[in-house]
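Containing mmCIF, C-alpha atoms: model-v8.cif.
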data_protein
loop_
_atom_site.group_PDB
_atom_site.id
_atom_site.type_symbol
_atom_site.label_atom_id
_atom_site.label_comp_id
_atom_site.auth_asym_id
_atom_site.auth_seq_id
_atom_site.Cartn_x
_atom_site.Cartn_y
_atom_site.Cartn_z
ATOM 1 C CA MET A 1 -177.582 -249.179 -111.568
ATOM 2 C CA THR A 2 -177.752 -245.506 -110.851
ATOM 3 C CA HIS A 3 -177.207 -242.591 -113.177
ATOM 4 C CA GLY A 4 -176.334 -239.218 -111.764
ATOM 5 C CA SER A 5 -173.499 -236.983 -110.667
ATOM 6 C CA THR A 6 -173.788 -236.620 -106.920
ATOM 7 C CA ALA A 7 -172.681 -238.784 -104.037
ATOM 8 C CA GLU A 8 -173.604 -238.774 -100.378
ATOM 9 C CA GLU A 9 -171.107 -237.104 -98.051
ATOM 10 C CA ASN A 10 -170.024 -240.414 -96.492
ATOM 11 C CA ALA A 11 -169.303 -241.987 -99.892
ATOM 12 C CA THR A 12 -165.924 -242.986 -101.248
ATOM 13 C CA VAL A 13 -166.050 -242.658 -105.039
ATOM 14 C CA VAL A 14 -163.759 -244.787 -107.228
ATOM 15 C CA GLY A 15 -163.191 -244.272 -110.928
ATOM 16 C CA VAL A 16 -163.201 -247.705 -112.587
ATOM 17 C CA ASP A 17 -162.230 -248.984 -116.014
ATOM 18 C CA ASP A 18 -160.857 -252.274 -117.313
ATOM 19 C CA SER A 19 -157.238 -251.707 -116.219
ATOM 20 C CA PRO A 20 -155.322 -253.510 -113.424
ATOM 21 C CA ALA A 21 -154.624 -250.078 -111.913
ATOM 22 C CA SER A 22 -158.367 -249.564 -111.520
ATOM 23 C CA LEU A 23 -158.846 -252.833 -109.634
ATOM 24 C CA GLY A 24 -156.041 -251.871 -107.262
ATOM 25 C CA ALA A 25 -157.798 -248.591 -106.541
ATOM 26 C CA VAL A 26 -161.081 -250.437 -105.930
ATOM 27 C CA ARG A 27 -159.466 -252.799 -103.409
ATOM 28 C CA TRP A 28 -157.808 -249.936 -101.522
ATOM 29 C CA ALA A 29 -161.013 -247.890 -101.471
ATOM 30 C CA ALA A 30 -163.114 -250.865 -100.360
ATOM 31 C CA ALA A 31 -160.881 -251.538 -97.361
ATOM 32 C CA ASP A 32 -160.810 -247.861 -96.418
ATOM 33 C CA SER A 33 -164.560 -247.415 -96.839
ATOM 34 C CA ALA A 34 -165.316 -250.547 -94.796
ATOM 35 C CA SER A 35 -163.157 -249.277 -91.917
ATOM 36 C CA ARG A 36 -165.263 -246.090 -91.838
ATOM 37 C CA GLY A 37 -168.624 -247.763 -92.342
ATOM 38 C CA GLY A 38 -169.172 -245.681 -95.461
ATOM 39 C CA THR A 39 -170.612 -246.349 -98.911
ATOM 40 C CA LEU A 40 -168.430 -247.281 -101.869
ATOM 41 C CA VAL A 41 -169.533 -245.786 -105.204
ATOM 42 C CA LEU A 42 -168.024 -247.420 -108.297
ATOM 43 C CA VAL A 43 -168.186 -244.994 -111.230
ATOM 44 C CA HIS A 44 -167.489 -245.969 -114.823
ATOM 45 C CA ALA A 45 -167.534 -242.984 -117.173
ATOM 46 C CA ASP A 46 -167.339 -243.132 -120.955
ATOM 47 C CA PRO A 47 -168.252 -240.448 -123.524
ATOM 48 C CA GLY A 48 -169.520 -243.232 -125.801
ATOM 49 C CA ILE A 49 -172.098 -244.516 -123.338
ATOM 50 C CA GLU A 50 -174.657 -241.839 -124.166
ATOM 51 C CA GLY A 51 -175.006 -242.975 -127.766
ATOM 52 C CA SER A 52 -175.251 -246.668 -126.914
ATOM 53 C CA PHE A 53 -178.229 -246.856 -124.562
ATOM 54 C CA SER A 54 -180.051 -249.088 -127.062
ATOM 55 C CA ASP A 55 -177.607 -251.991 -127.048
ATOM 56 C CA ALA A 56 -176.424 -253.055 -130.469
ATOM 57 C CA ILE A 57 -176.788 -256.722 -131.287
ATOM 58 C CA ASN A 58 -173.916 -258.584 -132.868
ATOM 59 C CA LEU A 59 -175.831 -260.552 -135.489
ATOM 60 C CA ARG A 60 -173.115 -263.170 -135.949
ATOM 61 C CA GLY A 61 -172.715 -264.080 -132.316
ATOM 62 C CA GLY A 62 -176.175 -263.134 -131.175
ATOM 63 C CA ARG A 63 -174.677 -261.275 -128.217
ATOM 64 C CA VAL A 64 -174.950 -257.760 -126.955
ATOM 65 C CA SER A 65 -171.851 -255.905 -128.096
ATOM 66 C CA SER A 66 -171.687 -252.305 -126.962
ATOM 67 C CA ALA A 67 -169.901 -249.821 -124.780
ATOM 68 C CA ARG A 68 -172.768 -250.144 -122.320
ATOM 69 C CA SER A 69 -172.459 -253.911 -121.921
ATOM 70 C CA ARG A 70 -168.679 -253.681 -121.519
ATOM 71 C CA ALA A 71 -169.180 -251.030 -118.869
ATOM 72 C CA ARG A 72 -171.582 -253.312 -117.001
ATOM 73 C CA SER A 73 -168.976 -256.065 -117.024
ATOM 74 C CA THR A 74 -166.321 -253.658 -115.763
ATOM 75 C CA LEU A 75 -168.554 -252.493 -112.925
ATOM 76 C CA GLU A 76 -169.384 -256.063 -111.950
ATOM 77 C CA ARG A 77 -165.707 -257.068 -111.867
ATOM 78 C CA SER A 78 -165.040 -254.032 -109.705
ATOM 79 C CA ARG A 79 -167.844 -254.996 -107.318
ATOM 80 C CA ILE A 80 -166.415 -258.501 -106.975
ATOM 81 C CA ALA A 81 -162.950 -257.058 -106.294
ATOM 82 C CA ALA A 82 -164.375 -254.761 -103.617
ATOM 83 C CA GLU A 83 -166.242 -257.590 -101.888
ATOM 84 C CA SER A 84 -163.135 -259.786 -101.985
ATOM 85 C CA VAL A 85 -161.523 -257.247 -99.665
ATOM 86 C CA ALA A 86 -164.391 -255.925 -97.560
ATOM 87 C CA GLY A 87 -167.017 -258.675 -97.679
ATOM 88 C CA GLU A 88 -170.658 -258.449 -98.652
ATOM 89 C CA SER A 89 -171.572 -256.165 -95.757
ATOM 90 C CA LEU A 90 -169.989 -253.171 -97.504
ATOM 91 C CA SER A 91 -172.571 -250.883 -99.091
ATOM 92 C CA ILE A 92 -171.702 -250.663 -102.798
ATOM 93 C CA GLU A 93 -173.328 -248.573 -105.520
ATOM 94 C CA LYS A 94 -172.538 -248.985 -109.228
ATOM 95 C CA VAL A 95 -172.825 -245.984 -111.524
ATOM 96 C CA LEU A 96 -172.648 -245.850 -115.301
ATOM 97 C CA ALA A 97 -172.117 -242.292 -116.516
ATOM 98 C CA ALA A 98 -171.834 -240.645 -119.923
ATOM 99 C CA GLY A 99 -168.896 -238.268 -120.110
ATOM 100 C CA ARG A 100 -165.131 -237.922 -119.797
ATOM 101 C CA PRO A 101 -163.847 -239.745 -116.682
ATOM 102 C CA ALA A 102 -161.985 -236.662 -115.428
ATOM 103 C CA ASP A 103 -165.100 -234.465 -115.692
ATOM 104 C CA VAL A 104 -167.471 -237.042 -114.198
ATOM 105 C CA LEU A 105 -165.226 -237.796 -111.215
ATOM 106 C CA THR A 106 -164.668 -234.090 -110.577
ATOM 107 C CA GLU A 107 -168.433 -233.608 -110.458
ATOM 108 C CA TYR A 108 -168.816 -236.458 -107.972
ATOM 109 C CA ALA A 109 -166.027 -234.924 -105.884
ATOM 110 C CA ARG A 110 -168.314 -231.980 -105.073
ATOM 111 C CA ASP A 111 -170.170 -234.062 -102.479
ATOM 112 C CA ALA A 112 -168.074 -237.167 -101.804
ATOM 113 C CA TRP A 113 -165.973 -237.936 -98.754
ATOM 114 C CA MET A 114 -163.079 -238.981 -100.995
ATOM 115 C CA VAL A 115 -162.306 -239.831 -104.629
ATOM 116 C CA VAL A 116 -159.927 -242.679 -105.489
ATOM 117 C CA VAL A 117 -158.162 -243.180 -108.830
ATOM 118 C CA GLY A 118 -155.754 -245.906 -109.927
ATOM 119 C CA SER A 119 -152.713 -244.899 -111.941
ATOM 120 C CA LYS A 120 -149.613 -246.276 -113.577
ATOM 121 C CA ALA A 121 -146.366 -245.401 -111.844
ATOM 122 C CA ALA A 122 -144.329 -242.774 -113.685
ATOM 123 C CA GLY A 123 -141.579 -245.205 -114.623
ATOM 124 C CA SER A 124 -143.671 -248.349 -114.895
ATOM 125 C CA ARG A 125 -143.129 -250.897 -117.607
ATOM 126 C CA GLY A 126 -145.717 -252.908 -119.435
ATOM 127 C CA ALA A 127 -147.839 -249.994 -120.572
ATOM 128 C CA GLY A 128 -147.410 -247.525 -123.358
ATOM 129 C CA SER A 129 -146.950 -243.824 -122.741
ATOM 130 C CA LEU A 130 -150.521 -243.247 -123.926
ATOM 131 C CA ALA A 131 -151.981 -245.498 -121.220
ATOM 132 C CA ARG A 132 -149.850 -243.877 -118.530
ATOM 133 C CA GLY A 133 -150.758 -240.435 -119.841
ATOM 134 C CA VAL A 134 -154.512 -241.075 -119.834
ATOM 135 C CA LEU A 135 -154.503 -242.507 -116.316
ATOM 136 C CA GLY A 136 -152.224 -239.765 -115.045
ATOM 137 C CA SER A 137 -154.215 -236.957 -116.658
ATOM 138 C CA VAL A 138 -157.468 -238.130 -115.033
ATOM 139 C CA CYS A 139 -155.799 -238.207 -111.617
ATOM 140 C CA ASP A 140 -154.205 -234.781 -112.145
ATOM 141 C CA HIS A 141 -157.444 -233.191 -113.312
ATOM 142 C CA VAL A 142 -159.500 -234.515 -110.408
ATOM 143 C CA ALA A 143 -156.853 -233.584 -107.831
ATOM 144 C CA ALA A 144 -156.608 -230.084 -109.277
ATOM 145 C CA HIS A 145 -160.345 -229.382 -109.097
ATOM 146 C CA ALA A 146 -161.819 -231.607 -106.387
ATOM 147 C CA HIS A 147 -163.571 -230.257 -103.310
ATOM 148 C CA CYS A 148 -162.537 -233.354 -101.323
ATOM 149 C CA PRO A 149 -159.384 -235.429 -100.755
ATOM 150 C CA VAL A 150 -158.210 -237.380 -103.814
ATOM 151 C CA VAL A 151 -156.266 -240.641 -103.577
ATOM 152 C CA ARG A 152 -153.915 -242.063 -106.184
ATOM 153 C CA VAL A 153 -153.268 -245.797 -105.841
ATOM 154 C CA PRO A 154 -150.257 -246.881 -107.931
ATOM 155 C CA GLU A 155 -150.756 -250.029 -109.992
ATOM 156 C CA GLY A 156 -149.262 -253.096 -108.399
ATOM 157 C CA TYR A 157 -149.627 -251.829 -104.841
ATOM 158 C CA ARG A 158 -151.015 -254.606 -102.669
ATOM 159 C CA GLN A 159 -151.112 -253.872 -98.974
ATOM 160 C CA THR A 160 -151.129 -256.815 -96.600
ATOM 161 C CA LYS A 161 -151.393 -256.790 -92.825
ATOM 162 C CA LEU A 162 -148.154 -258.739 -92.569
ATOM 163 C CA ASP A 163 -145.884 -256.332 -94.425
ATOM 164 C CA SER A 164 -147.521 -253.043 -93.454
ATOM 165 C CA ALA A 165 -148.562 -253.525 -89.835
ATOM 166 C CA ASN A 166 -145.650 -251.453 -88.502
ATOM 167 C CA LEU A 167 -145.366 -248.940 -91.343
ATOM 168 C CA PRO A 168 -146.591 -245.443 -90.470
ATOM 169 C CA VAL A 169 -148.753 -242.965 -92.288
ATOM 170 C CA VAL A 170 -146.530 -240.090 -93.454
ATOM 171 C CA VAL A 171 -147.871 -236.553 -93.689
ATOM 172 C CA GLY A 172 -146.019 -233.608 -95.218
ATOM 173 C CA LEU A 173 -146.647 -230.172 -93.722
ATOM 174 C CA ASP A 174 -145.935 -226.709 -95.127
ATOM 175 C CA ILE A 175 -145.528 -223.743 -92.799
ATOM 176 C CA SER A 176 -147.298 -221.429 -95.299
ATOM 177 C CA VAL A 177 -150.691 -223.164 -95.290
ATOM 178 C CA ASN A 178 -153.451 -224.056 -92.873
ATOM 179 C CA ASN A 179 -152.549 -227.661 -92.094
ATOM 180 C CA ASP A 180 -155.687 -228.624 -90.151
ATOM 181 C CA ALA A 181 -157.419 -230.197 -93.160
ATOM 182 C CA ILE A 182 -154.313 -232.276 -93.913
ATOM 183 C CA LEU A 183 -153.886 -233.338 -90.291
ATOM 184 C CA ALA A 184 -157.566 -234.280 -89.998
ATOM 185 C CA VAL A 185 -157.132 -236.787 -92.821
ATOM 186 C CA ALA A 186 -153.717 -238.012 -91.652
ATOM 187 C CA PHE A 187 -154.711 -238.622 -88.021
ATOM 188 C CA ASP A 188 -157.964 -240.296 -89.085
ATOM 189 C CA GLN A 189 -156.082 -242.668 -91.392
ATOM 190 C CA ALA A 190 -153.402 -243.495 -88.813
ATOM 191 C CA SER A 191 -156.022 -244.071 -86.119
ATOM 192 C CA ARG A 192 -158.142 -246.438 -88.214
ATOM 193 C CA ARG A 193 -155.047 -248.341 -89.334
ATOM 194 C CA GLY A 194 -153.649 -248.560 -85.817
ATOM 195 C CA VAL A 195 -150.237 -247.163 -86.804
ATOM 196 C CA GLY A 196 -148.061 -244.180 -85.990
ATOM 197 C CA LEU A 197 -147.971 -240.865 -87.834
ATOM 198 C CA ARG A 198 -144.681 -239.485 -89.136
ATOM 199 C CA VAL A 199 -145.003 -235.714 -89.557
ATOM 200 C CA VAL A 200 -142.449 -234.369 -92.032
ATOM 201 C CA HIS A 201 -141.455 -230.809 -92.855
ATOM 202 C CA ALA A 202 -138.779 -230.242 -95.505
ATOM 203 C CA ARG A 203 -136.745 -227.045 -95.457
ATOM 204 C CA ALA A 204 -133.921 -225.488 -97.451
ATOM 205 C CA ASP A 205 -130.445 -225.039 -95.924
ATOM 206 C CA THR A 206 -131.010 -221.325 -95.237
ATOM 207 C CA GLU A 207 -134.637 -221.536 -94.127
ATOM 208 C CA TYR A 208 -135.504 -219.967 -90.770
ATOM 209 C CA ARG A 209 -131.980 -218.703 -90.012
ATOM 210 C CA LEU A 210 -133.233 -215.118 -89.798
ATOM 211 C CA ASP A 211 -136.704 -216.057 -88.586
ATOM 212 C CA PRO A 212 -137.395 -214.444 -85.187
ATOM 213 C CA GLY A 213 -140.212 -216.921 -84.502
ATOM 214 C CA PRO A 214 -139.956 -220.252 -82.701
ATOM 215 C CA PRO A 215 -137.895 -223.100 -84.208
ATOM 216 C CA VAL A 216 -139.722 -225.180 -86.787
ATOM 217 C CA GLU A 217 -139.514 -228.195 -84.474
ATOM 218 C CA SER A 218 -141.606 -226.272 -81.942
ATOM 219 C CA TRP A 219 -144.024 -225.292 -84.693
ATOM 220 C CA LEU A 220 -144.535 -228.948 -85.635
ATOM 221 C CA THR A 221 -145.305 -229.827 -82.031
ATOM 222 C CA GLU A 222 -147.692 -226.892 -81.703
ATOM 223 C CA VAL A 223 -149.607 -227.572 -84.918
ATOM 224 C CA THR A 224 -150.070 -231.282 -84.172
ATOM 225 C CA ALA A 225 -150.879 -230.949 -80.443
ATOM 226 C CA PRO A 226 -154.674 -230.464 -80.778
ATOM 227 C CA TRP A 227 -154.890 -233.491 -83.046
ATOM 228 C CA SER A 228 -152.787 -235.607 -80.705
ATOM 229 C CA GLU A 229 -155.274 -234.803 -77.946
ATOM 230 C CA ARG A 230 -158.136 -235.861 -80.199
ATOM 231 C CA TYR A 231 -156.342 -239.074 -81.249
ATOM 232 C CA PRO A 232 -154.346 -240.128 -78.150
ATOM 233 C CA SER A 233 -153.707 -243.619 -79.548
ATOM 234 C CA VAL A 234 -151.713 -242.257 -82.517
ATOM 235 C CA LEU A 235 -147.989 -242.029 -81.817
ATOM 236 C CA VAL A 236 -146.615 -238.915 -83.540
ATOM 237 C CA SER A 237 -143.019 -238.750 -84.797
ATOM 238 C CA PRO A 238 -142.056 -235.253 -86.016
ATOM 239 C CA ALA A 239 -139.193 -234.921 -88.491
ATOM 240 C CA VAL A 240 -137.553 -231.817 -89.952
ATOM 241 C CA VAL A 241 -135.387 -232.666 -92.942
ATOM 242 C CA THR A 242 -133.100 -230.513 -95.059
ATOM 243 C CA ASP A 243 -134.223 -231.332 -98.563
ATOM 244 C CA LYS A 244 -136.609 -230.254 -101.290
ATOM 245 C CA ALA A 245 -140.141 -231.140 -100.249
ATOM 246 C CA PRO A 246 -141.047 -233.442 -103.182
ATOM 247 C CA HIS A 247 -137.854 -235.493 -102.836
ATOM 248 C CA ALA A 248 -138.172 -235.725 -99.063
ATOM 249 C CA ILE A 249 -141.746 -237.021 -99.189
ATOM 250 C CA ILE A 250 -141.066 -239.439 -102.055
ATOM 251 C CA GLU A 251 -138.124 -240.846 -100.078
ATOM 252 C CA GLU A 252 -140.422 -241.320 -97.088
ATOM 253 C CA SER A 253 -142.845 -243.352 -99.208
ATOM 254 C CA GLY A 254 -140.369 -246.229 -99.186
ATOM 255 C CA HIS A 255 -141.012 -246.662 -95.476
ATOM 256 C CA ALA A 256 -144.718 -245.834 -95.269
ATOM 257 C CA GLN A 257 -148.077 -247.394 -96.072
ATOM 258 C CA LEU A 258 -149.725 -244.109 -97.014
ATOM 259 C CA ILE A 259 -148.708 -240.530 -97.848
ATOM 260 C CA VAL A 260 -150.862 -237.478 -97.087
ATOM 261 C CA VAL A 261 -150.019 -234.081 -98.611
ATOM 262 C CA GLY A 262 -151.826 -230.814 -99.178
ATOM 263 C CA SER A 263 -152.345 -228.763 -102.306
ATOM 264 C CA PRO A 264 -153.753 -225.232 -102.731
ATOM 265 C CA SER A 265 -157.522 -225.273 -102.488
ATOM 266 C CA ARG A 266 -159.746 -225.277 -105.557
ATOM 267 C CA GLY A 267 -159.557 -222.156 -107.644
ATOM 268 C CA ALA A 268 -155.903 -221.444 -106.991
ATOM 269 C CA MET A 269 -155.037 -225.106 -107.372
ATOM 270 C CA ALA A 270 -155.921 -225.390 -111.024
ATOM 271 C CA SER A 271 -153.351 -222.732 -111.943
ATOM 272 C CA VAL A 272 -150.475 -223.746 -109.649
ATOM 273 C CA PHE A 273 -150.884 -227.519 -109.488
ATOM 274 C CA THR A 274 -148.403 -228.206 -112.284
ATOM 275 C CA GLY A 275 -144.909 -228.512 -110.796
ATOM 276 C CA SER A 276 -146.137 -228.444 -107.210
ATOM 277 C CA THR A 277 -144.965 -230.736 -104.416
ATOM 278 C CA SER A 278 -148.278 -232.558 -104.364
ATOM 279 C CA ARG A 279 -148.191 -233.309 -108.086
ATOM 280 C CA ALA A 280 -144.644 -234.679 -107.884
ATOM 281 C CA VAL A 281 -145.530 -236.900 -104.930
ATOM 282 C CA LEU A 282 -148.770 -237.970 -106.599
ATOM 283 C CA HIS A 283 -146.855 -239.222 -109.639
ATOM 284 C CA HIS A 284 -143.817 -240.813 -107.994
ATOM 285 C CA SER A 285 -144.844 -242.180 -104.596
ATOM 286 C CA SER A 286 -144.633 -245.972 -104.379
ATOM 287 C CA VAL A 287 -147.626 -246.143 -102.024
ATOM 288 C CA PRO A 288 -151.143 -244.658 -102.091
ATOM 289 C CA THR A 289 -151.118 -240.861 -101.790
ATOM 290 C CA ILE A 290 -153.917 -238.630 -100.539
ATOM 291 C CA VAL A 291 -153.965 -235.031 -101.776
ATOM 292 C CA VAL A 292 -156.000 -232.753 -99.517
ATOM 293 C CA PRO A 293 -157.193 -229.318 -100.719
ATOM 294 C CA VAL A 294 -155.984 -226.667 -98.271
ATOM 295 C CA ALA A 295 -156.077 -222.889 -97.916
ATOM 296 C CA SER A 296 -153.062 -220.618 -97.616
ATOM 297 C CA LEU A 297 -152.672 -218.936 -94.225
ATOM 298 C CA HIS A 298 -153.817 -215.513 -95.409
ATOM 299 C CA HIS A 299 -157.095 -217.113 -96.536
ATOM 300 C CA ALA A 300 -157.542 -219.291 -93.475
ATOM 301 C CA HIS A 301 -160.014 -218.424 -90.773
#
Representation of the structure as structure tokens:
Amino acid sequence: MTHGSTAEENATVVGVDDSPASLGAVRWAAADSASRGGTLVLVHADPGIEGSFSDAINLRGGRVSSARSRARSTLERSRIAAESVAGESLSIEKVLAAGRPADVLTEYARDAWMVVVGSKAAGSRGAGSLARGVLGSVCDHVAAHAHCPVVRVPEGYRQTKLDSANLPVVVGLDISVNNDAILAVAFDQASRRGVGLRVVHARADTEYRLDPGPPVESWLTEVTAPWSERYPSVLVSPAVVTDKAPHAIIEESGHAQLIVVGSPSRGAMASVFTGSTSRAVLHHSSVPTIVVPVASLHHAH
């Protein structure tokens, strides 16, 4: 078991605890990591771990009873869940860390390929508001500060080849940002899954009426063209919808296996993340959602 706060660049980091939502995130991350040939890093973080390195002995039962031993059990269950999806050939690392989960995962996100977090759905039953709030706050914090893409896997999501083989990856694009980072993730995911990519831009009723530039449909074609050349096997379906962006993307999640959206890059993100399109989609999408840090056009090179 490794202690530390860095991950190799090809690593997919998953925050694990003893919740069903966590196991769902582990399964999703294991399948994704195996398809890339990457390493899966299972991270269990707990502020109480630091003070329990010398395991306490329960004198009545004669068993180890501590935060550390429970964490070991959680990590082992997560490893078994990962191997049930990806097999024993997947490279898996287990990490036990002292600290708040949100802080520890954000630190790992400095070097990781991707960070994955399980979360209760916003309207889910069977869990108190405290449980939903804790899971949601970890996901929000990591997404707001991470240097890499962050994935939220809603509890209860179980993807099977049978029911998702024809469902596309959906990516939402915003004309005001540099979309290359978002498209890199979206095309990569669609290519490895062998499915099409639905490229969605939501606009208000009055948007672009006085814009002297090319129609937004032409812009979508132009911005995706270089990526289509790089991934010729991915069938691209552009869609311009008249709707508010969060609602449009959440509606699309009912007919998708994965959502990819962007959010202002670190620094600006922490201050504007609340109320943003990405946060709304992150909380309400019925399928896994990847939030990719992006730069606004005036900061793009």
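Closest approach to Ala248 (chain A) among A:Glu222, A:Asn178, A:Val171, A:Pro288 is made by A:Val171 (distances from all atoms listed in the file).
Pairwise distance (CA of Arg27 (chain A), CA of Glu155 (chain A)) equals 11.3 Å.
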I would like the residues chosen by the PyMOL selection byres ((chain A and resi 261) around 10) on the shown file; could you give them as a ChimeraX atom specification? /A:149,170-174,179,181-183,185-186,249,259-260,262-263,277-279,281-282,289-294
Have a look at CA of Pro226 (chain A) and CA of Asp180 (chain A) and let me know their distance in Å, one decimal.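 Spanning CA of Pro226 (chain A) to CA of Asp180 (chain A) is a straight-line distance of 9.6 Å.
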(-166.7, -238.9, -125.8) in this file's frame - what residues fall within 12 Å of it? Use all atoms listed in the file and give the answer as JSON, numbers by chain. {"A": [45, 46, 47, 48, 49, 50, 51, 52, 67, 97, 98, 99, 100, 101, 102, 103, 104]}
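Minimum distance to Val241 (chain A) across A:Glu229, A:Thr224, A:Asp18, A:Val200 (counting all atoms listed in the file) occurs at A:Val200.
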Shell of 7 Å around Val240 (chain A), all atoms listed in the file, local chain residues under 2 positions omitted, as a ChimeraX atom specification: /A:200-202,217,238,242
Counting all atoms listed in the file, what is within 8 Å of Ile250 (chain A), bar same-chain residues fewer than 6 positions away, as a PyMOL selection string? chain A and resi 281+284-286
Pairwise distance for CA of His283 (chain A) and CA of Val153 (chain A), rounded to one decimal in Å: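 Taking CA of His283 (chain A) and CA of Val153 (chain A), their separation equals 9.9 Å.
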If we count all atoms listed in the file, what is near Cys148 (chain A) at a cut-off of 8 Å, once residues fewer than 5 positions away on the same chain are taken out, given as a PyMOL selection string? chain A and resi 109-115+292-293
In terms of only C-alpha atoms, the residue from A:Leu90, A:Leu75, A:Ile80, A:Leu220 at minimal distance from Ser33 (chain A) is A:Leu90
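Here the PyMOL selection byres ((chain A and resi 244) around 7) catches exactly these residues: Ala202, Arg203, Ala204, Asp243, Ala245, Pro246, His247 and Ala248 of chain A.
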Give me the result of the PyMOL selection byres ((chain A and resi 139-142) around 7) on this file, residue by residue, as a ChimeraX atom specification. /A:102,105-106,117,135-138,143-146,152
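Closest approach to Val116 (chain A) from the set A:Val216, A:Leu167, A:Leu258, A:Val43 is made by A:Val43, with distances taken over all atoms listed in the file.
Of the residues under consideration (A:Gln257, A:Ser73, A:Ser35, A:Ser119), A:Ser35 shows the shortest atom-to-atom contact distance to Ser91 (chain A) when counting only C-alpha atoms.
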Which residues come within 10 Å of Asp17 (chain A), counting all atoms listed in the file, excluding same-chain residues fewer than 2 positions away, as a ChimeraX atom specification? /A:14-15,19-23,42-46,70-71,73-75,77-78,101,118
Selection near Leu235 (chain A), 10 Å with all atoms listed in the file, sequence-local residues under 2 positions removed, as a CSV table (one decimal) with C-alpha atoms, in the frame of the given file:
chain,number,residue,atom,x,y,z
A,168,PRO,CA,-146.6,-245.4,-90.5
A,187,PHE,CA,-154.7,-238.6,-88.0
A,190,ALA,CA,-153.4,-243.5,-88.8
A,191,SER,CA,-156.0,-244.1,-86.1
A,194,GLY,CA,-153.6,-248.6,-85.8
A,195,VAL,CA,-150.2,-247.2,-86.8
A,196,GLY,CA,-148.1,-244.2,-86.0
A,197,LEU,CA,-148.0,-240.9,-87.8
A,198,ARG,CA,-144.7,-239.5,-89.1
A,228,SER,CA,-152.8,-235.6,-80.7
A,231,TYR,CA,-156.3,-239.1,-81.2
A,232,PRO,CA,-154.3,-240.1,-78.2
A,233,SER,CA,-153.7,-243.6,-79.5
A,237,SER,CA,-143.0,-238.8,-84.8
A,238,PRO,CA,-142.1,-235.3,-86.0
Generate the coordinates of all heavy atoms for region 243-247 of chain A; report them as an mmCIF file, in the frame of the given file.
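The resulting result.cif:
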data_model
loop_
_atom_site.group_PDB
_atom_site.id
_atom_site.type_symbol
_atom_site.label_atom_id
_atom_site.label_comp_id
_atom_site.auth_asym_id
_atom_site.auth_seq_id
_atom_site.Cartn_x
_atom_site.Cartn_y
_atom_site.Cartn_z
ATOM 1 N N ASP A 243 -134.054 -230.743 -97.242
ATOM 2 C CA ASP A 243 -134.223 -231.332 -98.563
ATOM 3 C C ASP A 243 -135.335 -230.579 -99.270
ATOM 4 O O ASP A 243 -136.103 -229.839 -98.645
ATOM 5 C CB ASP A 243 -134.590 -232.814 -98.444
ATOM 6 C CG ASP A 243 -134.359 -233.599 -99.725
ATOM 7 O OD1 ASP A 243 -134.061 -232.971 -100.762
ATOM 8 O OD2 ASP A 243 -134.504 -234.839 -99.694
ATOM 9 N N LYS A 244 -135.464 -230.777 -100.573
ATOM 10 C CA LYS A 244 -136.609 -230.254 -101.290
ATOM 11 C C LYS A 244 -137.820 -231.107 -100.930
ATOM 12 O O LYS A 244 -137.727 -232.330 -100.833
ATOM 13 C CB LYS A 244 -136.359 -230.280 -102.797
ATOM 14 C CG LYS A 244 -135.275 -229.307 -103.240
ATOM 15 C CD LYS A 244 -135.106 -229.328 -104.753
ATOM 16 C CE LYS A 244 -134.045 -228.316 -105.189
ATOM 17 N NZ LYS A 244 -133.849 -228.317 -106.662
ATOM 18 N N ALA A 245 -138.952 -230.446 -100.749
ATOM 19 C CA ALA A 245 -140.141 -231.140 -100.249
ATOM 20 C C ALA A 245 -140.546 -232.360 -101.084
ATOM 21 O O ALA A 245 -140.795 -233.432 -100.522
ATOM 22 C CB ALA A 245 -141.308 -230.163 -100.134
ATOM 23 N N PRO A 246 -140.624 -232.262 -102.412
ATOM 24 C CA PRO A 246 -141.047 -233.442 -103.182
ATOM 25 C C PRO A 246 -140.131 -234.635 -102.963
ATOM 26 O O PRO A 246 -140.591 -235.756 -102.738
ATOM 27 C CB PRO A 246 -140.992 -232.957 -104.636
ATOM 28 C CG PRO A 246 -141.093 -231.479 -104.557
ATOM 29 C CD PRO A 246 -140.404 -231.099 -103.288
ATOM 30 N N HIS A 247 -138.806 -234.393 -103.003
ATOM 31 C CA HIS A 247 -137.854 -235.493 -102.836
ATOM 32 C C HIS A 247 -137.951 -236.093 -101.444
ATOM 33 O O HIS A 247 -137.898 -237.324 -101.275
ATOM 34 C CB HIS A 247 -136.433 -235.003 -103.112
ATOM 35 C CG HIS A 247 -135.405 -236.089 -103.070
ATOM 36 N ND1 HIS A 247 -134.627 -236.351 -101.962
ATOM 37 C CD2 HIS A 247 -135.049 -237.019 -104.002
ATOM 38 C CE1 HIS A 247 -133.826 -237.367 -102.206
ATOM 39 N NE2 HIS A 247 -134.060 -237.797 -103.436
#
